[in-house]
>>> print(open('final-v6.pdb').read())   # PDB, C-alpha atoms
ATOM      1  CA  MET L   1      16.316  -5.554  18.261  1.00  0.00           C
ATOM      2  CA  GLU L   2      15.823  -8.279  20.852  1.00  0.00           C
ATOM      3  CA  GLN L   3      12.367  -8.898  19.383  1.00  0.00           C
ATOM      4  CA  LEU L   4      13.879  -9.080  15.898  1.00  0.00           C
ATOM      5  CA  HIS L   5      16.175 -11.905  16.994  1.00  0.00           C
ATOM      6  CA  ARG L   6      13.260 -13.754  18.554  1.00  0.00           C
ATOM      7  CA  ALA L   7      11.105 -13.277  15.458  1.00  0.00           C
ATOM      8  CA  ARG L   8      13.944 -14.608  13.330  1.00  0.00           C
ATOM      9  CA  SER L   9      13.889 -17.789  15.415  1.00  0.00           C
ATOM     10  CA  GLU L  10      10.141 -18.163  14.863  1.00  0.00           C
ATOM     11  CA  PHE L  11      10.612 -18.267  11.101  1.00  0.00           C
ATOM     12  CA  GLU L  12      13.939 -20.068  11.029  1.00  0.00           C
ATOM     13  CA  ARG L  13      12.765 -23.081  12.997  1.00  0.00           C
ATOM     14  CA  ARG L  14       9.973 -23.625  10.458  1.00  0.00           C
ATOM     15  CA  VAL L  15      12.244 -23.082   7.423  1.00  0.00           C
ATOM     16  CA  SER L  16      14.560 -25.766   8.787  1.00  0.00           C
ATOM     17  CA  GLU L  17      11.765 -28.295   8.168  1.00  0.00           C
ATOM     18  CA  VAL L  18      11.113 -27.349   4.535  1.00  0.00           C
ATOM     19  CA  ARG L  19      11.886 -30.041   1.970  1.00  0.00           C
ATOM     20  CA  SER L  20      11.581 -30.034  -1.818  1.00  0.00           C
ATOM     21  CA  GLU L  21       8.257 -31.864  -1.675  1.00  0.00           C
ATOM     22  CA  HIS L  22       6.773 -29.030   0.400  1.00  0.00           C
ATOM     23  CA  MET L  23       7.464 -26.233  -2.080  1.00  0.00           C
ATOM     24  CA  ALA L  24       4.188 -26.469  -4.002  1.00  0.00           C
ATOM     25  CA  LEU L  25       1.934 -26.767  -0.934  1.00  0.00           C
ATOM     26  CA  PRO L  26      -0.660 -24.010  -0.421  1.00  0.00           C
ATOM     27  CA  THR L  27      -0.271 -21.653   2.542  1.00  0.00           C
ATOM     28  CA  PRO L  28      -2.718 -19.481   4.498  1.00  0.00           C
ATOM     29  CA  CYS L  29      -1.549 -16.550   2.349  1.00  0.00           C
ATOM     30  CA  SER L  30      -3.940 -16.355  -0.580  1.00  0.00           C
ATOM     31  CA  GLU L  31      -2.442 -17.693  -3.826  1.00  0.00           C
ATOM     32  CA  TRP L  32       0.990 -18.314  -2.284  1.00  0.00           C
ATOM     33  CA  THR L  33       2.688 -21.680  -2.195  1.00  0.00           C
ATOM     34  CA  VAL L  34       5.438 -22.471   0.299  1.00  0.00           C
ATOM     35  CA  ARG L  35       8.006 -21.482  -2.340  1.00  0.00           C
ATOM     36  CA  GLN L  36       6.302 -18.128  -2.945  1.00  0.00           C
ATOM     37  CA  LEU L  37       6.025 -17.451   0.780  1.00  0.00           C
ATOM     38  CA  LEU L  38       9.741 -18.122   1.200  1.00  0.00           C
ATOM     39  CA  ALA L  39      10.527 -15.815  -1.718  1.00  0.00           C
ATOM     40  CA  HIS L  40       8.370 -13.102  -0.145  1.00  0.00           C
ATOM     41  CA  VAL L  41      10.151 -13.340   3.198  1.00  0.00           C
ATOM     42  CA  ILE L  42      13.735 -13.789   2.016  1.00  0.00           C
ATOM     43  CA  GLY L  43      13.378 -11.325  -0.831  1.00  0.00           C
ATOM     44  CA  GLY L  44      11.705  -8.991   1.643  1.00  0.00           C
ATOM     45  CA  ASP L  45      14.780  -9.132   3.854  1.00  0.00           C
ATOM     46  CA  TYR L  46      16.906  -7.872   0.973  1.00  0.00           C
ATOM     47  CA  ALA L  47      14.295  -5.233   0.165  1.00  0.00           C
ATOM     48  CA  TYR L  48      14.523  -3.899   3.725  1.00  0.00           C
ATOM     49  CA  ILE L  49      18.324  -3.834   3.508  1.00  0.00           C
ATOM     50  CA  GLU L  50      18.026  -1.724   0.339  1.00  0.00           C
ATOM     51  CA  LEU L  51      15.562   0.617   2.048  1.00  0.00           C
ATOM     52  CA  LEU L  52      17.870   1.090   5.037  1.00  0.00           C
ATOM     53  CA  HIS L  53      20.664   1.971   2.614  1.00  0.00           C
ATOM     54  CA  GLY L  54      18.630   4.561   0.727  1.00  0.00           C
ATOM     55  CA  GLY L  55      16.930   2.340  -1.839  1.00  0.00           C
ATOM     56  CA  SER L  56      13.723   3.329  -3.570  1.00  0.00           C
ATOM     57  CA  ALA L  57      10.196   2.043  -3.040  1.00  0.00           C
ATOM     58  CA  GLU L  58      10.382   0.525  -6.539  1.00  0.00           C
ATOM     59  CA  GLN L  59      13.472  -1.501  -5.599  1.00  0.00           C
ATOM     60  CA  ALA L  60      11.781  -2.671  -2.413  1.00  0.00           C
ATOM     61  CA  PHE L  61       8.760  -3.849  -4.380  1.00  0.00           C
ATOM     62  CA  PHE L  62      10.855  -5.607  -7.036  1.00  0.00           C
ATOM     63  CA  LEU L  63      13.073  -7.736  -4.779  1.00  0.00           C
ATOM     64  CA  PRO L  64      10.456  -9.928  -3.028  1.00  0.00           C
ATOM     65  CA  THR L  65       8.450 -10.490  -6.208  1.00  0.00           C
ATOM     66  CA  ASN L  66      11.506 -11.603  -8.187  1.00  0.00           C
ATOM     67  CA  TYR L  67      13.514 -13.516  -5.588  1.00  0.00           C
ATOM     68  CA  GLU L  68      14.377 -17.124  -6.509  1.00  0.00           C
ATOM     69  CA  VAL L  69      14.273 -19.792  -3.810  1.00  0.00           C
ATOM     70  CA  GLY L  70      16.721 -22.623  -4.411  1.00  0.00           C
ATOM     71  CA  ASN L  71      17.216 -26.062  -2.893  1.00  0.00           C
ATOM     72  CA  TYR L  72      18.509 -24.773   0.437  1.00  0.00           C
ATOM     73  CA  PRO L  73      15.993 -22.210   1.726  1.00  0.00           C
ATOM     74  CA  LEU L  74      17.284 -22.471   5.293  1.00  0.00           C
ATOM     75  CA  GLU L  75      20.732 -21.283   4.224  1.00  0.00           C
ATOM     76  CA  GLN L  76      19.175 -18.544   2.097  1.00  0.00           C
ATOM     77  CA  PHE L  77      17.103 -17.297   5.020  1.00  0.00           C
ATOM     78  CA  GLN L  78      19.986 -17.488   7.483  1.00  0.00           C
ATOM     79  CA  ARG L  79      22.061 -15.352   5.117  1.00  0.00           C
ATOM     80  CA  SER L  80      19.362 -12.759   4.443  1.00  0.00           C
ATOM     81  CA  ALA L  81      18.368 -12.531   8.104  1.00  0.00           C
ATOM     82  CA  ALA L  82      21.959 -12.057   9.254  1.00  0.00           C
ATOM     83  CA  GLU L  83      22.495  -9.293   6.686  1.00  0.00           C
ATOM     84  CA  LEU L  84      19.262  -7.568   7.660  1.00  0.00           C
ATOM     85  CA  ILE L  85      20.063  -7.681  11.367  1.00  0.00           C
ATOM     86  CA  ALA L  86      23.491  -6.224  10.552  1.00  0.00           C
ATOM     87  CA  ALA L  87      21.829  -3.417   8.562  1.00  0.00           C
ATOM     88  CA  PHE L  88      19.473  -2.555  11.418  1.00  0.00           C
ATOM     89  CA  SER L  89      22.469  -2.630  13.801  1.00  0.00           C
ATOM     90  CA  GLU L  90      24.486  -0.053  11.860  1.00  0.00           C
ATOM     91  CA  SER L  91      25.190   3.204  13.641  1.00  0.00           C
ATOM     92  CA  GLY L  92      22.250   5.567  13.144  1.00  0.00           C
ATOM     93  CA  ALA L  93      20.188   3.026  11.193  1.00  0.00           C
ATOM     94  CA  LEU L  94      17.144   3.338  13.444  1.00  0.00           C
ATOM     95  CA  ASP L  95      17.143   7.128  13.069  1.00  0.00           C
ATOM     96  CA  ARG L  96      16.764   6.962   9.286  1.00  0.00           C
ATOM     97  CA  THR L  97      13.661   7.487   7.162  1.00  0.00           C
ATOM     98  CA  VAL L  98      12.976   5.010   4.351  1.00  0.00           C
ATOM     99  CA  GLN L  99      10.910   5.128   1.157  1.00  0.00           C
ATOM    100  CA  HIS L 100       8.742   2.047   1.613  1.00  0.00           C
ATOM    101  CA  PRO L 101       6.109   1.111  -1.029  1.00  0.00           C
ATOM    102  CA  ILE L 102       3.356   2.176   1.411  1.00  0.00           C
ATOM    103  CA  GLY L 103       5.012   5.561   1.935  1.00  0.00           C
ATOM    104  CA  GLU L 104       7.778   7.309   3.844  1.00  0.00           C
ATOM    105  CA  LEU L 105       8.441   5.502   7.118  1.00  0.00           C
ATOM    106  CA  PRO L 106      10.786   5.860  10.077  1.00  0.00           C
ATOM    107  CA  ALA L 107      13.259   2.977  10.311  1.00  0.00           C
ATOM    108  CA  MET L 108      11.864   2.076  13.733  1.00  0.00           C
ATOM    109  CA  ARG L 109       8.511   1.361  12.071  1.00  0.00           C
ATOM    110  CA  LEU L 110      10.336  -0.746   9.485  1.00  0.00           C
ATOM    111  CA  LEU L 111      11.931  -2.713  12.304  1.00  0.00           C
ATOM    112  CA  GLY L 112       8.534  -3.389  13.867  1.00  0.00           C
ATOM    113  CA  MET L 113       7.191  -4.504  10.501  1.00  0.00           C
ATOM    114  CA  ARG L 114       9.992  -7.046  10.108  1.00  0.00           C
ATOM    115  CA  VAL L 115       9.355  -8.417  13.586  1.00  0.00           C
ATOM    116  CA  SER L 116       5.720  -8.900  12.577  1.00  0.00           C
ATOM    117  CA  GLU L 117       6.568 -10.420   9.192  1.00  0.00           C
ATOM    118  CA  TRP L 118       9.000 -13.027  10.490  1.00  0.00           C
ATOM    119  CA  THR L 119       6.649 -13.954  13.303  1.00  0.00           C
ATOM    120  CA  ILE L 120       3.372 -14.192  11.389  1.00  0.00           C
ATOM    121  CA  HIS L 121       4.904 -15.854   8.353  1.00  0.00           C
ATOM    122  CA  GLY L 122       6.367 -18.423  10.743  1.00  0.00           C
ATOM    123  CA  TRP L 123       2.764 -19.400  11.470  1.00  0.00           C
ATOM    124  CA  ASP L 124       1.934 -19.348   7.751  1.00  0.00           C
ATOM    125  CA  LEU L 125       4.786 -21.768   7.105  1.00  0.00           C
ATOM    126  CA  ALA L 126       3.971 -24.045  10.037  1.00  0.00           C
ATOM    127  CA  ARG L 127       0.444 -24.736   8.768  1.00  0.00           C
ATOM    128  CA  PRO L 128       1.175 -26.501   5.445  1.00  0.00           C
ATOM    129  CA  LEU L 129       4.120 -28.345   7.002  1.00  0.00           C
ATOM    130  CA  ASP L 130       1.889 -29.589   9.839  1.00  0.00           C
ATOM    131  CA  LEU L 131       4.248 -28.187  12.480  1.00  0.00           C
ATOM    132  CA  ASP L 132       3.525 -26.655  15.858  1.00  0.00           C
ATOM    133  CA  ASP L 133       2.019 -23.272  14.979  1.00  0.00           C
ATOM    134  CA  SER L 134       2.138 -21.700  18.422  1.00  0.00           C
ATOM    135  CA  LEU L 135       4.086 -18.440  18.436  1.00  0.00           C
ATOM    136  CA  ASP L 136       6.298 -16.695  20.987  1.00  0.00           C
ATOM    137  CA  ALA L 137       3.769 -15.373  23.523  1.00  0.00           C
ATOM    138  CA  GLU L 138       5.640 -12.145  24.308  1.00  0.00           C
ATOM    139  CA  LEU L 139       6.087 -11.374  20.627  1.00  0.00           C
ATOM    140  CA  ILE L 140       2.430 -11.791  19.772  1.00  0.00           C
ATOM    141  CA  GLU L 141       1.361  -9.689  22.759  1.00  0.00           C
ATOM    142  CA  SER L 142       3.659  -6.898  21.561  1.00  0.00           C
ATOM    143  CA  ILE L 143       2.648  -7.184  17.907  1.00  0.00           C
ATOM    144  CA  TYR L 144      -1.046  -7.260  18.766  1.00  0.00           C
ATOM    145  CA  ALA L 145      -0.697  -4.167  20.967  1.00  0.00           C
ATOM    146  CA  ARG L 146       0.923  -2.313  18.048  1.00  0.00           C
ATOM    147  CA  MET L 147      -1.450  -3.477  15.340  1.00  0.00           C
ATOM    148  CA  ALA L 148      -4.881  -3.644  16.977  1.00  0.00           C
ATOM    149  CA  PRO L 149      -5.326   0.173  17.029  1.00  0.00           C
ATOM    150  CA  ARG L 150      -4.620   0.195  13.261  1.00  0.00           C
ATOM    151  CA  VAL L 151      -7.254  -2.386  12.277  1.00  0.00           C
ATOM    152  CA  LYS L 152      -9.000  -0.070   9.778  1.00  0.00           C
ATOM    153  CA  THR L 153      -5.699   1.051   8.262  1.00  0.00           C
ATOM    154  CA  LEU L 154      -4.554  -2.545   7.824  1.00  0.00           C
ATOM    155  CA  ALA L 155      -7.667  -3.503   5.874  1.00  0.00           C
ATOM    156  CA  ALA L 156      -7.357  -0.356   3.737  1.00  0.00           C
ATOM    157  CA  THR L 157      -3.866  -1.367   2.505  1.00  0.00           C
ATOM    158  CA  GLY L 158      -5.364  -4.213   0.499  1.00  0.00           C
ATOM    159  CA  TYR L 159      -2.799  -6.632   1.935  1.00  0.00           C
ATOM    160  CA  PHE L 160      -5.199  -8.086   4.497  1.00  0.00           C
ATOM    161  CA  LEU L 161      -8.806  -9.160   4.460  1.00  0.00           C
ATOM    162  CA  PRO L 162     -10.995  -7.598   7.158  1.00  0.00           C
ATOM    163  CA  PRO L 163     -10.972  -9.566  10.416  1.00  0.00           C
ATOM    164  CA  ALA L 164     -13.857 -11.882  11.191  1.00  0.00           C
ATOM    165  CA  GLY L 165     -13.936 -10.357  14.674  1.00  0.00           C
ATOM    166  CA  LEU L 166     -13.085 -12.694  17.518  1.00  0.00           C
ATOM    167  CA  SER L 167     -14.182 -12.301  21.110  1.00  0.00           C
ATOM    168  CA  ASP L 168     -11.875 -10.459  23.518  1.00  0.00           C
ATOM    169  CA  THR L 169     -11.682 -13.733  25.416  1.00  0.00           C
ATOM    170  CA  ALA L 170     -10.076 -15.548  22.451  1.00  0.00           C
ATOM    171  CA  PRO L 171      -6.342 -16.270  22.753  1.00  0.00           C
ATOM    172  CA  VAL L 172      -4.172 -13.313  21.728  1.00  0.00           C
ATOM    173  CA  GLN L 173      -2.509 -15.349  18.978  1.00  0.00           C
ATOM    174  CA  ASP L 174      -5.905 -16.103  17.423  1.00  0.00           C
ATOM    175  CA  ARG L 175      -6.972 -12.465  17.669  1.00  0.00           C
ATOM    176  CA  LEU L 176      -3.728 -11.319  16.041  1.00  0.00           C
ATOM    177  CA  LEU L 177      -4.058 -13.806  13.195  1.00  0.00           C
ATOM    178  CA  ASP L 178      -7.684 -12.780  12.677  1.00  0.00           C
ATOM    179  CA  LEU L 179      -6.640  -9.134  12.647  1.00  0.00           C
ATOM    180  CA  LEU L 180      -4.271  -9.976   9.792  1.00  0.00           C
ATOM    181  CA  GLY L 181      -6.902 -11.787   7.734  1.00  0.00           C
ATOM    182  CA  ARG L 182      -6.094 -15.337   8.754  1.00  0.00           C
ATOM    183  CA  HIS L 183      -8.392 -18.043  10.069  1.00  0.00           C
ATOM    184  CA  PRO L 184      -6.542 -19.830  12.891  1.00  0.00           C
ATOM    185  CA  SER L 185      -8.926 -22.792  12.829  1.00  0.00           C
ATOM    186  CA  SER L 186      -9.086 -23.265   9.043  1.00  0.00           C
ATOM    187  CA  PRO L 187      -7.696 -26.475   7.531  1.00  0.00           C
ATOM    188  CA  PRO L 188      -5.310 -26.197   4.555  1.00  0.00           C
ATOM    189  CA  ALA L 189      -8.162 -26.837   2.086  1.00  0.00           C
ATOM    190  CA  SER L 190      -9.673 -23.430   2.879  1.00  0.00           C
ATOM    191  CA  TYR L 191      -6.462 -21.400   2.672  1.00  0.00           C
ATOM    192  CA  SER L 192      -7.452 -19.813  -0.608  1.00  0.00           C
ATOM    193  CA  GLU L 193     -10.456 -18.176   1.043  1.00  0.00           C
ATOM    194  CA  ARG L 194      -8.459 -15.707   3.097  1.00  0.00           C
ATOM    195  CA  ALA L 195      -5.245 -13.678   2.819  1.00  0.00           C
TER
END
>>> encode(input="final-v6.pdb", output="structure tokens")
Amino acid sequence: MEQLHRARSEFERRVSEVRSEHMALPTPCSEWTVRQLLAHVIGGDYAYIELLHGGSAEQAFFLPTNYEVGNYPLEQFQRSAAELIAAFSESGALDRTVQHPIGELPAMRLLGMRVSEWTIHGWDLARPLDLDDSLDAELIESIYARMAPRVKTLAATGYFLPPAGLSDTAPVQDRLLDLLGRHPSSPPASYSERA
């Protein structure tokens, strides 16, 4: 839960810089604009709340793809994040099993996924806004340790392109981003080439 709060900060500080003129900018996520990325994250928060409360995989898929981002995305994210943190904090919440679109998952796995989403999408949002894209070092170490052993599984989901394969001497943040199909050194013009 402490990591969840820190991951929230990673995304929130970037959302606070979003203005109306940024909404149509491309992001490192293939075919997503800033507006679509925000809808994915904020709608995803509500999807996770539904899952924690017994919602179906179909509901969880529907919410992020149909969420509408208005003129005040910071307020929208602050609201969704607060409600999600409250849902994860409910008595017994982390002992539940949820029906995620990728299959039946323990709530603890869902929690780890949200930590990863808020953190990595913070980087995705920083890039088109030309903000500092460095991430919380402890968070990325933890996320990388969880995800690196699942590299083949990640690619098989279809959500991520296969990693280019960086040297073990590359910074952990770069290796994590590469693992998730992102090119840390790519300029915005090449965003459409990778997930």
>>> closest_residue(input="final-v6.pdb", among="L:Gln78, L:Ser20, L:Thr97, L:Thr119", to="Leu51 of chain L", atoms="all atoms listed in the file")
L:Thr97
>>> closest_residue(input="final-v6.pdb", among="L:Val151, L:Ala82, L:Ala126, L:Val34", to="Pro184 of chain L", atoms="only C-alpha atoms")
L:Ala126
>>> atom_distance(input="final-v6.pdb", atom1="atom CA of His22 of chain L", atom2="atom CA of Asp178 of chain L")
25.0 Å
>>> closest_residue(input="final-v6.pdb", among="L:Tyr46, L:Phe61, L:Trp123, L:Trp118", to="Ala86 of chain L", atoms="only C-alpha atoms")
L:Tyr46
>>> atom_distance(input="final-v6.pdb", atom1="atom CA of Arg35 of chain L", atom2="atom CA of Met23 of chain L")
4.8 Å
>>> atom_distance(input="final-v6.pdb", atom1="atom CA of Glu10 of chain L", atom2="atom CA of Arg114 of chain L")
12.1 Å
>>> residues_around(input="final-v6.pdb", residues="segment 37-40 of chain L", least_positions_apart="4", cutoff="7 Å", atoms="all atoms listed in the file", output="ChimeraX atom specification")
/L:32-33,44,64-65,67-69
>>> residues_near_point(input="final-v6.pdb", point="(-13.2, -10.4, 10.1)", cutoff="8 Å", atoms="only C-alpha atoms", output="VMD selection string")
chain L and resid 161 to 166 178 to 179 181
>>> write_last_selection(input="final-v6.pdb", atoms="C-alpha atoms", output="PDB file, in the frame of the given file")
ATOM      1  CA  LEU L 161      -8.806  -9.160   4.460  1.00  0.00           C
ATOM      2  CA  PRO L 162     -10.995  -7.598   7.158  1.00  0.00           C
ATOM      3  CA  PRO L 163     -10.972  -9.566  10.416  1.00  0.00           C
ATOM      4  CA  ALA L 164     -13.857 -11.882  11.191  1.00  0.00           C
ATOM      5  CA  GLY L 165     -13.936 -10.357  14.674  1.00  0.00           C
ATOM      6  CA  LEU L 166     -13.085 -12.694  17.518  1.00  0.00           C
ATOM      7  CA  ASP L 178      -7.684 -12.780  12.677  1.00  0.00           C
ATOM      8  CA  LEU L 179      -6.640  -9.134  12.647  1.00  0.00           C
ATOM      9  CA  GLY L 181      -6.902 -11.787   7.734  1.00  0.00           C
TER      10      GLY L 181
END
>>> axis_aligned_box(input="final-v6.pdb", around="segment 114-120 of chain L", padding_each_side="6 Å", output="lines of an AutoDock Vina configuration file")
center_x = 6.7
center_y = -10.6
center_z = 11.4
size_x = 18.6
size_y = 19.1
size_z = 16.4
>>> resolve_selection(input="final-v6.pdb", expression="the PyMOL selection byres ((chain L and resi 103) around 12)", output="ChimeraX atom specification")
/L:51,56-58,60-61,97-102,104-106,109-110,157
>>> closest_residue(input="final-v6.pdb", among="L:Asp168, L:Asp124, L:Asp174, L:Glu12", to="Thr27 of chain L", atoms="all atoms listed in the file")
L:Asp124
>>> resolve_selection(input="final-v6.pdb", expression="the PyMOL selection byres ((chain L and resi 1) around 9)", output="count of residues only")
10
>>> resolve_selection(input="final-v6.pdb", expression="the PyMOL selection byres ((chain L and resi 130) around 12)", output="VMD selection string")
chain L and resid 14 17 to 18 22 25 to 27 123 to 129 131 to 134 187 to 188
>>> write_last_selection(input="final-v6.pdb", atoms="C-alpha atoms", output="PDB file, in the frame of the given file")
ATOM      1  CA  ARG L  14       9.973 -23.625  10.458  1.00  0.00           C
ATOM      2  CA  GLU L  17      11.765 -28.295   8.168  1.00  0.00           C
ATOM      3  CA  VAL L  18      11.113 -27.349   4.535  1.00  0.00           C
ATOM      4  CA  HIS L  22       6.773 -29.030   0.400  1.00  0.00           C
ATOM      5  CA  LEU L  25       1.934 -26.767  -0.934  1.00  0.00           C
ATOM      6  CA  PRO L  26      -0.660 -24.010  -0.421  1.00  0.00           C
ATOM      7  CA  THR L  27      -0.271 -21.653   2.542  1.00  0.00           C
ATOM      8  CA  TRP L 123       2.764 -19.400  11.470  1.00  0.00           C
ATOM      9  CA  ASP L 124       1.934 -19.348   7.751  1.00  0.00           C
ATOM     10  CA  LEU L 125       4.786 -21.768   7.105  1.00  0.00           C
ATOM     11  CA  ALA L 126       3.971 -24.045  10.037  1.00  0.00           C
ATOM     12  CA  ARG L 127       0.444 -24.736   8.768  1.00  0.00           C
ATOM     13  CA  PRO L 128       1.175 -26.501   5.445  1.00  0.00           C
ATOM     14  CA  LEU L 129       4.120 -28.345   7.002  1.00  0.00           C
ATOM     15  CA  LEU L 131       4.248 -28.187  12.480  1.00  0.00           C
ATOM     16  CA  ASP L 132       3.525 -26.655  15.858  1.00  0.00           C
ATOM     17  CA  ASP L 133       2.019 -23.272  14.979  1.00  0.00           C
ATOM     18  CA  SER L 134       2.138 -21.700  18.422  1.00  0.00           C
ATOM     19  CA  PRO L 187      -7.696 -26.475   7.531  1.00  0.00           C
ATOM     20  CA  PRO L 188      -5.310 -26.197   4.555  1.00  0.00           C
TER      21      PRO L 188
END
>>> residues_around(input="final-v6.pdb", residues="Arg96 of chain L", least_positions_apart="3", cutoff="8 Å", atoms="only C-alpha atoms", output="PyMOL selection string")
chain L and resi 52+92-93+106-107
>>> closest_residue(input="final-v6.pdb", among="L:Ile140, L:Ala24, L:Thr153, L:Val15", to="Leu177 of chain L", atoms="all atoms listed in the file")
L:Ile140
>>> closest_residue(input="final-v6.pdb", among="L:Ala81, L:Leu63, L:Val172, L:Met108", to="Leu135 of chain L", atoms="all atoms listed in the file")
L:Val172
>>> residues_around(input="final-v6.pdb", residues="Leu84 of chain L", least_positions_apart="4", cutoff="7 Å", atoms="all atoms listed in the file", output="list in words")
Asp45, Ile49, Ser80 and Phe88 of chain L
